[in-house]
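Enquirer: After the structure tokens below, expect a handful of questions from me.
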Amino acid sequence: MGLTTAIELKRRGYQVAGISTKSLYDIPSWRAAGYFALVSVKTSPEEQDNLNEIGLNTFLTYQKIDSGKHPYITQEAVRFMPVFCSVDTESGVEYLETRGMIPPREYVSLDFGNGVFHQNYVKYMTYFMNTSILMRQLTSEVKRLGIPIEITEVKSFEDLKEETIFNCSGLGARELNSDENMIPVRGHLVTLNKASGSGHMDYMIYTKVIQNGKEEYIYMFPKSISVTPENIDGVGCVGVLGGTFIPHVDKLSPSAQEQLDKIEFERMLDRISEFFQGHLFEEQTLPN
């Protein structure tokens with residue numbers, strides 16, 4: 001959001017003093033993957049209608065990217081493709097369907113060709129967002145436009161001399177805006193290396209499953225590159241699998257977070273392996 005805001009202001013002729021960020025690469029936008037959906041939030045019906053309208057306009061922008069008509073983001077950053085969800089999973093694209101912006105849903109079954117078969121699924125069409133590619137192109141456009149990027153942590157708006165500030169700080173808004181409703185959420189992903197093959201990566205999955213009596217989620221996205229602070233050039237991959245959504249992890253000690261990560265990765269690998277292969281995870285069955 002910060003990169004896009006700076007770019008759009010500059011393209012409209014405004015003087016942009018710069019972007020301040022704690023880290024350019026150690027942020028979820030580089031590591032995440034996902035598809036375009038209208039996410040419901042806890043707010044008033046009026047505000048939700050406003051968010052839906054923003055979402056619809058954003059979807060039109062992705063259509064422009066997909067058609068090769070966007071001024072600085074290429075078609076490589078998005079793909080219009082199927083996402084398969086269980087019938088009891090809210091996909092987030094239902095509103096797009098009612099507005100006629102995506103094809104009508106299809107009711108299907110999933111057959112992975114290995115004896116694993118899942119019934120009662122829905123096929124939707126929406127945009128996969130290759131976030132690392134998208135972030136790379138946004139960063140490149142910021143540099144092309146000569147917008148300075150300062151690596152610094154802003155703890156107060158008083159630290160900045162500019163009169164107009166666009167706050168795109170995400171979790172940082174908790175401190176900047178004294179917003180206790182802004183909470184950290186920890187997620188876990190498994191990156192598939194090229195040994196996994198890419199022939200199956202022409203679709204996405206977002207579904208609920210029951211694991212040890214608890215409702216959990218599985219998702220799969222055909223992401224092609226993973227960027228981390230340790231490797232800003234990116235590492236090639238054929239997809240990512242997940243996932244988790246664990247709030248308030250900041251209240252745990254570092255050792256407790258490490259133990260949580262170990263447990264969650266083990267649980268996640270088990271439910272992913274059972275969903276796709278019909279058995280609990282065995283190290284040799286799923287590439288890293």
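We name chains A, B, ... following the order of the structure tokens; residues begin at 1 in each chain, and ligands are numbered from 1 as shown.
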At a cut-off of 7 Å, using only C-alpha atoms, what residues contact Asp270 in chain A? Leave out same-chain residues fewer than 3 positions from it and give the result as a ChimeraX atom specification.
Expert: /A:266-267,273-274,280-281
Enquirer: What lies within 7 Å of range 101-110 of chain A using only C-alpha atoms, ignoring chain neighbours under 2 positions off, as a PyMOL selection string?
Expert: chain A and resi 96-97+99+112+117-126
Enquirer: Store the residues of this selection in a file with N, CA, C and O atoms, as a PDB file, in the first residue's frame.
Expert:
ATOM      1  N   LEU A  96     -18.381 -10.809  -5.935  1.00  0.00           N
ATOM      2  CA  LEU A  96     -17.970 -10.617  -7.324  1.00  0.00           C
ATOM      3  C   LEU A  96     -18.880 -11.416  -8.259  1.00  0.00           C
ATOM      4  O   LEU A  96     -19.228 -10.969  -9.350  1.00  0.00           O
ATOM      5  N   GLU A  97     -19.250 -12.615  -7.812  1.00  0.00           N
ATOM      6  CA  GLU A  97     -20.130 -13.463  -8.619  1.00  0.00           C
ATOM      7  C   GLU A  97     -21.510 -12.829  -8.769  1.00  0.00           C
ATOM      8  O   GLU A  97     -22.070 -12.800  -9.872  1.00  0.00           O
ATOM      9  N   ARG A  99     -22.270  -9.780  -8.728  1.00  0.00           N
ATOM     10  CA  ARG A  99     -22.174  -8.592  -9.580  1.00  0.00           C
ATOM     11  C   ARG A  99     -21.845  -8.940 -11.028  1.00  0.00           C
ATOM     12  O   ARG A  99     -21.715  -8.060 -11.873  1.00  0.00           O
ATOM     13  N   PHE A 112      -7.280 -36.154  -7.149  1.00  0.00           N
ATOM     14  CA  PHE A 112      -5.853 -35.904  -7.356  1.00  0.00           C
ATOM     15  C   PHE A 112      -5.154 -37.033  -8.104  1.00  0.00           C
ATOM     16  O   PHE A 112      -3.935 -37.018  -8.274  1.00  0.00           O
ATOM     17  N   PHE A 117      -9.916 -38.391  -3.051  1.00  0.00           N
ATOM     18  CA  PHE A 117     -11.087 -37.832  -3.718  1.00  0.00           C
ATOM     19  C   PHE A 117     -11.863 -37.005  -2.708  1.00  0.00           C
ATOM     20  O   PHE A 117     -12.148 -37.455  -1.601  1.00  0.00           O
ATOM     21  N   HIS A 118     -12.179 -35.745  -3.065  1.00  0.00           N
ATOM     22  CA  HIS A 118     -12.937 -34.866  -2.176  1.00  0.00           C
ATOM     23  C   HIS A 118     -14.206 -34.406  -2.880  1.00  0.00           C
ATOM     24  O   HIS A 118     -14.145 -33.856  -3.989  1.00  0.00           O
ATOM     25  N   GLN A 119     -15.346 -34.595  -2.225  1.00  0.00           N
ATOM     26  CA  GLN A 119     -16.625 -34.178  -2.776  1.00  0.00           C
ATOM     27  C   GLN A 119     -17.060 -32.847  -2.181  1.00  0.00           C
ATOM     28  O   GLN A 119     -16.459 -32.331  -1.249  1.00  0.00           O
ATOM     29  N   ASN A 120     -18.135 -32.294  -2.767  1.00  0.00           N
ATOM     30  CA  ASN A 120     -18.765 -31.074  -2.251  1.00  0.00           C
ATOM     31  C   ASN A 120     -17.817 -29.871  -2.285  1.00  0.00           C
ATOM     32  O   ASN A 120     -17.580 -29.218  -1.271  1.00  0.00           O
ATOM     33  N   TYR A 121     -17.281 -29.601  -3.467  1.00  0.00           N
ATOM     34  CA  TYR A 121     -16.409 -28.441  -3.654  1.00  0.00           C
ATOM     35  C   TYR A 121     -17.022 -27.483  -4.672  1.00  0.00           C
ATOM     36  O   TYR A 121     -17.862 -27.864  -5.486  1.00  0.00           O
ATOM     37  N   VAL A 122     -16.591 -26.233  -4.579  1.00  0.00           N
ATOM     38  CA  VAL A 122     -17.048 -25.191  -5.483  1.00  0.00           C
ATOM     39  C   VAL A 122     -15.848 -24.628  -6.232  1.00  0.00           C
ATOM     40  O   VAL A 122     -14.798 -24.370  -5.626  1.00  0.00           O
ATOM     41  N   LYS A 123     -16.002 -24.457  -7.532  1.00  0.00           N
ATOM     42  CA  LYS A 123     -14.964 -23.842  -8.354  1.00  0.00           C
ATOM     43  C   LYS A 123     -15.364 -22.416  -8.684  1.00  0.00           C
ATOM     44  O   LYS A 123     -16.437 -22.171  -9.243  1.00  0.00           O
ATOM     45  N   TYR A 124     -14.511 -21.475  -8.293  1.00  0.00           N
ATOM     46  CA  TYR A 124     -14.674 -20.070  -8.660  1.00  0.00           C
ATOM     47  C   TYR A 124     -13.493 -19.665  -9.542  1.00  0.00           C
ATOM     48  O   TYR A 124     -12.453 -20.333  -9.570  1.00  0.00           O
ATOM     49  N   MET A 125     -13.644 -18.561 -10.237  1.00  0.00           N
ATOM     50  CA  MET A 125     -12.542 -17.965 -10.983  1.00  0.00           C
ATOM     51  C   MET A 125     -12.210 -16.609 -10.357  1.00  0.00           C
ATOM     52  O   MET A 125     -13.107 -15.795 -10.100  1.00  0.00           O
ATOM     53  N   THR A 126     -10.932 -16.377 -10.126  1.00  0.00           N
ATOM     54  CA  THR A 126     -10.497 -15.082  -9.613  1.00  0.00           C
ATOM     55  C   THR A 126      -9.015 -14.916  -9.929  1.00  0.00           C
ATOM     56  O   THR A 126      -8.404 -15.773 -10.570  1.00  0.00           O
TER      57      THR A 126
END
Enquirer: Set out as JSON lines a contact list for range 2-105 of chain A and range 157-160 of chain A with a cut-off of 12 Å, giving each residue of range 2-105 of chain A that qualifies its closest atom pair and distance in Å to one decimal, counting only C-alpha atoms, ordered by chain and rising residue number.
Expert:
{"residue": "A:Ala17", "atom": "CA", "partner": "A:Leu160", "partner_atom": "CA", "distance": 10.6}
{"residue": "A:Gly18", "atom": "CA", "partner": "A:Leu160", "partner_atom": "CA", "distance": 10.9}
{"residue": "A:Ile19", "atom": "CA", "partner": "A:Leu160", "partner_atom": "CA", "distance": 11.1}
{"residue": "A:Ser20", "atom": "CA", "partner": "A:Leu160", "partner_atom": "CA", "distance": 9.5}
Enquirer: Please write the residues from the selection above to a file, keeping N, CA, C and O atoms, as a PDB file, in the first residue's frame.
Expert:
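Contents of the output file part05.pdb:
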ATOM      1  N   ALA A  17       8.065  13.307  -0.736  1.00  0.00           N
ATOM      2  CA  ALA A  17       9.312  13.463   0.011  1.00  0.00           C
ATOM      3  C   ALA A  17      10.038  12.131   0.160  1.00  0.00           C
ATOM      4  O   ALA A  17      11.276  12.084   0.167  1.00  0.00           O
ATOM      5  N   GLY A  18       9.291  11.041   0.267  1.00  0.00           N
ATOM      6  CA  GLY A  18       9.937   9.743   0.375  1.00  0.00           C
ATOM      7  C   GLY A  18       9.073   8.738   1.115  1.00  0.00           C
ATOM      8  O   GLY A  18       7.965   9.035   1.568  1.00  0.00           O
ATOM      9  N   ILE A  19       9.608   7.537   1.210  1.00  0.00           N
ATOM     10  CA  ILE A  19       8.975   6.437   1.926  1.00  0.00           C
ATOM     11  C   ILE A  19       9.846   6.069   3.113  1.00  0.00           C
ATOM     12  O   ILE A  19      11.058   5.896   2.963  1.00  0.00           O
ATOM     13  N   SER A  20       9.261   5.971   4.283  1.00  0.00           N
ATOM     14  CA  SER A  20       9.976   5.521   5.474  1.00  0.00           C
ATOM     15  C   SER A  20       9.491   4.130   5.826  1.00  0.00           C
ATOM     16  O   SER A  20       8.288   3.891   5.948  1.00  0.00           O
TER      17      SER A  20
END
Enquirer: Please provide as a PDB file with all heavy atoms, in the first residue's frame all residues within 12 Å of Glu215 in chain A, with the sequence filter that same-chain residues fewer than 4 positions apart are discarded (counting only C-alpha atoms).
Expert:
ATOM      1  N   ASP A  88     -18.589 -25.277   2.450  1.00  0.00           N
ATOM      2  CA  ASP A  88     -18.779 -24.559   3.711  1.00  0.00           C
ATOM      3  C   ASP A  88     -17.676 -23.543   3.981  1.00  0.00           C
ATOM      4  O   ASP A  88     -17.580 -22.992   5.079  1.00  0.00           O
ATOM      5  CB  ASP A  88     -18.875 -25.536   4.882  1.00  0.00           C
ATOM      6  CG  ASP A  88     -17.626 -26.394   5.048  1.00  0.00           C
ATOM      7  OD1 ASP A  88     -16.812 -26.446   4.096  1.00  0.00           O
ATOM      8  OD2 ASP A  88     -17.469 -27.013   6.116  1.00  0.00           O
ATOM      9  N   THR A  89     -16.826 -23.277   2.983  1.00  0.00           N
ATOM     10  CA  THR A  89     -15.754 -22.292   3.129  1.00  0.00           C
ATOM     11  C   THR A  89     -16.148 -21.003   2.417  1.00  0.00           C
ATOM     12  O   THR A  89     -16.495 -21.026   1.237  1.00  0.00           O
ATOM     13  CB  THR A  89     -14.432 -22.808   2.530  1.00  0.00           C
ATOM     14  OG1 THR A  89     -14.048 -24.007   3.199  1.00  0.00           O
ATOM     15  CG2 THR A  89     -13.317 -21.775   2.687  1.00  0.00           C
ATOM     16  N   THR A 207      -9.561 -24.103   1.610  1.00  0.00           N
ATOM     17  CA  THR A 207     -10.595 -24.976   2.139  1.00  0.00           C
ATOM     18  C   THR A 207     -10.437 -25.209   3.628  1.00  0.00           C
ATOM     19  O   THR A 207      -9.334 -25.067   4.178  1.00  0.00           O
ATOM     20  CB  THR A 207     -10.572 -26.332   1.401  1.00  0.00           C
ATOM     21  OG1 THR A 207     -11.675 -27.125   1.826  1.00  0.00           O
ATOM     22  CG2 THR A 207      -9.281 -27.093   1.696  1.00  0.00           C
ATOM     23  N   LYS A 208     -11.536 -25.559   4.262  1.00  0.00           N
ATOM     24  CA  LYS A 208     -11.530 -25.934   5.665  1.00  0.00           C
ATOM     25  C   LYS A 208     -11.444 -27.450   5.794  1.00  0.00           C
ATOM     26  O   LYS A 208     -12.038 -28.176   5.005  1.00  0.00           O
ATOM     27  CB  LYS A 208     -12.801 -25.445   6.369  1.00  0.00           C
ATOM     28  CG  LYS A 208     -12.873 -23.954   6.550  1.00  0.00           C
ATOM     29  CD  LYS A 208     -14.010 -23.555   7.474  1.00  0.00           C
ATOM     30  CE  LYS A 208     -15.363 -23.773   6.834  1.00  0.00           C
ATOM     31  NZ  LYS A 208     -16.453 -23.162   7.631  1.00  0.00           N
ATOM     32  N   VAL A 209     -10.710 -27.908   6.802  1.00  0.00           N
ATOM     33  CA  VAL A 209     -10.650 -29.333   7.130  1.00  0.00           C
ATOM     34  C   VAL A 209     -10.741 -29.469   8.645  1.00  0.00           C
ATOM     35  O   VAL A 209     -10.509 -28.505   9.384  1.00  0.00           O
ATOM     36  CB  VAL A 209      -9.352 -29.996   6.618  1.00  0.00           C
ATOM     37  CG1 VAL A 209      -9.275 -29.945   5.100  1.00  0.00           C
ATOM     38  CG2 VAL A 209      -8.117 -29.351   7.234  1.00  0.00           C
ATOM     39  N   ILE A 210     -11.072 -30.657   9.103  1.00  0.00           N
ATOM     40  CA  ILE A 210     -11.100 -30.946  10.537  1.00  0.00           C
ATOM     41  C   ILE A 210      -9.848 -31.730  10.888  1.00  0.00           C
ATOM     42  O   ILE A 210      -9.563 -32.775  10.292  1.00  0.00           O
ATOM     43  CB  ILE A 210     -12.358 -31.735  10.928  1.00  0.00           C
ATOM     44  CG1 ILE A 210     -13.613 -30.942  10.559  1.00  0.00           C
ATOM     45  CG2 ILE A 210     -12.352 -32.058  12.424  1.00  0.00           C
ATOM     46  CD1 ILE A 210     -13.742 -29.609  11.283  1.00  0.00           C
ATOM     47  N   GLN A 211      -9.082 -31.209  11.848  1.00  0.00           N
ATOM     48  CA  GLN A 211      -7.866 -31.879  12.311  1.00  0.00           C
ATOM     49  C   GLN A 211      -7.921 -31.980  13.827  1.00  0.00           C
ATOM     50  O   GLN A 211      -7.991 -30.965  14.517  1.00  0.00           O
ATOM     51  CB  GLN A 211      -6.625 -31.103  11.871  1.00  0.00           C
ATOM     52  CG  GLN A 211      -5.320 -31.773  12.258  1.00  0.00           C
ATOM     53  CD  GLN A 211      -4.108 -30.970  11.800  1.00  0.00           C
ATOM     54  OE1 GLN A 211      -4.124 -29.744  11.803  1.00  0.00           O
ATOM     55  NE2 GLN A 211      -3.040 -31.668  11.418  1.00  0.00           N
ATOM     56  N   THR A 244      -1.761 -21.067   8.458  1.00  0.00           N
ATOM     57  CA  THR A 244      -2.213 -20.783   9.815  1.00  0.00           C
ATOM     58  C   THR A 244      -2.588 -19.315   9.939  1.00  0.00           C
ATOM     59  O   THR A 244      -2.211 -18.482   9.108  1.00  0.00           O
ATOM     60  CB  THR A 244      -1.116 -21.110  10.842  1.00  0.00           C
ATOM     61  OG1 THR A 244       0.039 -20.314  10.553  1.00  0.00           O
ATOM     62  CG2 THR A 244      -0.745 -22.580  10.812  1.00  0.00           C
ATOM     63  N   PHE A 245      -3.301 -18.993  11.011  1.00  0.00           N
ATOM     64  CA  PHE A 245      -3.736 -17.635  11.285  1.00  0.00           C
ATOM     65  C   PHE A 245      -3.847 -17.522  12.802  1.00  0.00           C
ATOM     66  O   PHE A 245      -4.890 -17.773  13.380  1.00  0.00           O
ATOM     67  CB  PHE A 245      -5.090 -17.373  10.605  1.00  0.00           C
ATOM     68  CG  PHE A 245      -5.526 -15.933  10.624  1.00  0.00           C
ATOM     69  CD1 PHE A 245      -5.132 -15.069   9.617  1.00  0.00           C
ATOM     70  CD2 PHE A 245      -6.321 -15.442  11.645  1.00  0.00           C
ATOM     71  CE1 PHE A 245      -5.537 -13.741   9.621  1.00  0.00           C
ATOM     72  CE2 PHE A 245      -6.735 -14.119  11.659  1.00  0.00           C
ATOM     73  CZ  PHE A 245      -6.342 -13.267  10.640  1.00  0.00           C
ATOM     74  N   ARG A 271      -1.893 -32.144   7.960  1.00  0.00           N
ATOM     75  CA  ARG A 271      -3.201 -31.979   7.327  1.00  0.00           C
ATOM     76  C   ARG A 271      -3.073 -31.751   5.816  1.00  0.00           C
ATOM     77  O   ARG A 271      -3.936 -32.184   5.051  1.00  0.00           O
ATOM     78  CB  ARG A 271      -4.001 -30.858   7.982  1.00  0.00           C
ATOM     79  CG  ARG A 271      -3.477 -29.451   7.886  1.00  0.00           C
ATOM     80  CD  ARG A 271      -4.465 -28.484   8.569  1.00  0.00           C
ATOM     81  NE  ARG A 271      -4.022 -27.101   8.581  1.00  0.00           N
ATOM     82  CZ  ARG A 271      -3.313 -26.553   9.555  1.00  0.00           C
ATOM     83  NH1 ARG A 271      -2.974 -27.269  10.615  1.00  0.00           N
ATOM     84  NH2 ARG A 271      -2.950 -25.279   9.491  1.00  0.00           N
TER      85      ARG A 271
END
Enquirer: Write down as a ChimeraX atom specification the residues of range 62-191 of chain A whose backbone DSSP state falls under helix (DSSP H, G or I).
Expert: /A:62-66,75-77,94-98,131-144,157-159,170-176
Enquirer: Counting only C-alpha atoms, figure out which residue out of A:Gln48, A:Ser255, A:Ser23, A:Thr58 gets nearest to Phe36 in chain A.
Expert: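 The shortest atom-to-atom distance to Phe36 in chain A comes from A:Thr58.
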Enquirer: Quick one: residues within 12 Å of Tyr14 in chain A, only C-alpha atoms, excluding same-chain residues fewer than 5 positions away - as a PyMOL selection string?
Expert: chain A and resi 5-9+145+147+164
Enquirer: With distances taken over only C-alpha atoms, which of A:Leu3, A:Val16, A:Ala256, A:Pro28 is nearest to Glu162 in chain A?
Expert: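 Smallest distance to Glu162 in chain A is found for A:Val16.
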Enquirer: Please identify all polymer residues within 12 Å of range 69-71 of chain A, counting only C-alpha atoms, omitting same-chain residues fewer than 3 positions from it, and present them as a PyMOL selection string.
Expert: chain A and resi 7-8+11+60-66+74-78+137-138+141
Enquirer: For Pro247 in chain A, list every protein, DNA or RNA residue within 10 Å, evaluated using only C-alpha atoms, and leave out those in the same chain fewer than 6 positions away; present the list as a list in words.
Expert: Ile183, Pro184, Val185, Arg186 and Gly187 of chain A
Enquirer: Store the residues picked out above in a file with N, CA and C atoms, as a PDB file, in the first residue's frame.
Expert:
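For reference, part.pdb as written:
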ATOM      1  N   ILE A 183      -3.778  -6.022  15.858  1.00  0.00           N
ATOM      2  CA  ILE A 183      -3.052  -7.098  16.529  1.00  0.00           C
ATOM      3  C   ILE A 183      -2.211  -7.878  15.520  1.00  0.00           C
ATOM      4  N   PRO A 184      -1.072  -8.404  15.954  1.00  0.00           N
ATOM      5  CA  PRO A 184      -0.243  -9.211  15.059  1.00  0.00           C
ATOM      6  C   PRO A 184      -0.830 -10.606  14.874  1.00  0.00           C
ATOM      7  N   VAL A 185      -0.669 -11.136  13.678  1.00  0.00           N
ATOM      8  CA  VAL A 185      -1.124 -12.486  13.357  1.00  0.00           C
ATOM      9  C   VAL A 185       0.048 -13.235  12.734  1.00  0.00           C
ATOM     10  N   ARG A 186       0.305 -14.441  13.220  1.00  0.00           N
ATOM     11  CA  ARG A 186       1.426 -15.237  12.718  1.00  0.00           C
ATOM     12  C   ARG A 186       0.906 -16.295  11.743  1.00  0.00           C
ATOM     13  N   GLY A 187       1.572 -16.394  10.616  1.00  0.00           N
ATOM     14  CA  GLY A 187       1.211 -17.393   9.620  1.00  0.00           C
ATOM     15  C   GLY A 187       2.393 -18.293   9.300  1.00  0.00           C
TER      16      GLY A 187
END
Enquirer: To one decimal in Å, tell me the separation between CA of Asn57 in chain A and CA of Ser29 in chain A.
Expert: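 The value is 20.6 Å.
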Enquirer: Write out as a short mmCIF file (atom, residue, chain, number, x, y, z; two decimals) with all heavy atoms, in the first residue's frame the residues lying within 7 Å of Thr131 in chain A, counting only C-alpha atoms and excluding same-chain residues fewer than 2 positions away.
Expert:
data_model
loop_
_atom_site.label_atom_id
_atom_site.label_comp_id
_atom_site.auth_asym_id
_atom_site.auth_seq_id
_atom_site.Cartn_x
_atom_site.Cartn_y
_atom_site.Cartn_z
N SER A 29 4.41 -8.85 2.71
CA SER A 29 4.02 -8.69 1.30
C SER A 29 4.93 -9.45 0.35
O SER A 29 4.49 -9.90 -0.72
CB SER A 29 4.02 -7.20 0.94
OG SER A 29 3.07 -6.51 1.70
N TRP A 30 6.20 -9.61 0.70
CA TRP A 30 7.12 -10.36 -0.15
C TRP A 30 6.89 -11.87 -0.03
O TRP A 30 7.04 -12.61 -0.98
CB TRP A 30 8.58 -10.06 0.21
CG TRP A 30 9.06 -8.72 -0.23
CD1 TRP A 30 9.19 -7.60 0.53
CD2 TRP A 30 9.52 -8.35 -1.53
NE1 TRP A 30 9.68 -6.55 -0.21
CE2 TRP A 30 9.90 -6.99 -1.48
CE3 TRP A 30 9.64 -9.05 -2.74
CZ2 TRP A 30 10.39 -6.31 -2.59
CZ3 TRP A 30 10.13 -8.36 -3.85
CH2 TRP A 30 10.50 -7.02 -3.77
N ALA A 32 4.07 -13.50 1.26
CA ALA A 32 2.69 -14.00 1.18
C ALA A 32 2.33 -14.44 -0.23
O ALA A 32 3.07 -14.20 -1.19
CB ALA A 32 1.74 -12.91 1.66
N ALA A 33 1.19 -15.09 -0.32
CA ALA A 33 0.60 -15.41 -1.62
C ALA A 33 -0.90 -15.45 -1.41
O ALA A 33 -1.37 -15.67 -0.30
CB ALA A 33 1.11 -16.76 -2.13
N MET A 129 -2.54 -13.59 -7.16
CA MET A 129 -1.60 -12.48 -7.07
C MET A 129 -0.22 -13.01 -6.74
O MET A 129 0.00 -13.54 -5.65
CB MET A 129 -2.07 -11.49 -6.01
CG MET A 129 -3.44 -10.90 -6.31
SD MET A 129 -4.08 -9.83 -5.00
CE MET A 129 -4.46 -11.04 -3.74
N ILE A 133 6.46 -10.97 -7.35
CA ILE A 133 6.58 -10.28 -8.63
C ILE A 133 5.96 -8.89 -8.53
O ILE A 133 6.53 -7.90 -9.00
CB ILE A 133 5.90 -11.08 -9.75
CG1 ILE A 133 6.52 -12.48 -9.88
CG2 ILE A 133 5.95 -10.32 -11.06
CD1 ILE A 133 7.95 -12.49 -10.32
N LEU A 134 4.80 -8.82 -7.92
CA LEU A 134 4.12 -7.54 -7.76
C LEU A 134 4.96 -6.56 -6.96
O LEU A 134 5.14 -5.40 -7.34
CB LEU A 134 2.77 -7.75 -7.07
CG LEU A 134 1.86 -6.54 -6.88
CD1 LEU A 134 1.48 -5.93 -8.21
CD2 LEU A 134 0.61 -6.94 -6.10
N MET A 135 5.52 -7.02 -5.84
CA MET A 135 6.35 -6.17 -5.00
C MET A 135 7.62 -5.73 -5.74
O MET A 135 8.08 -4.59 -5.61
CB MET A 135 6.72 -6.89 -3.71
CG MET A 135 5.58 -7.01 -2.72
SD MET A 135 5.11 -5.41 -2.03
CE MET A 135 6.56 -5.04 -1.03
#
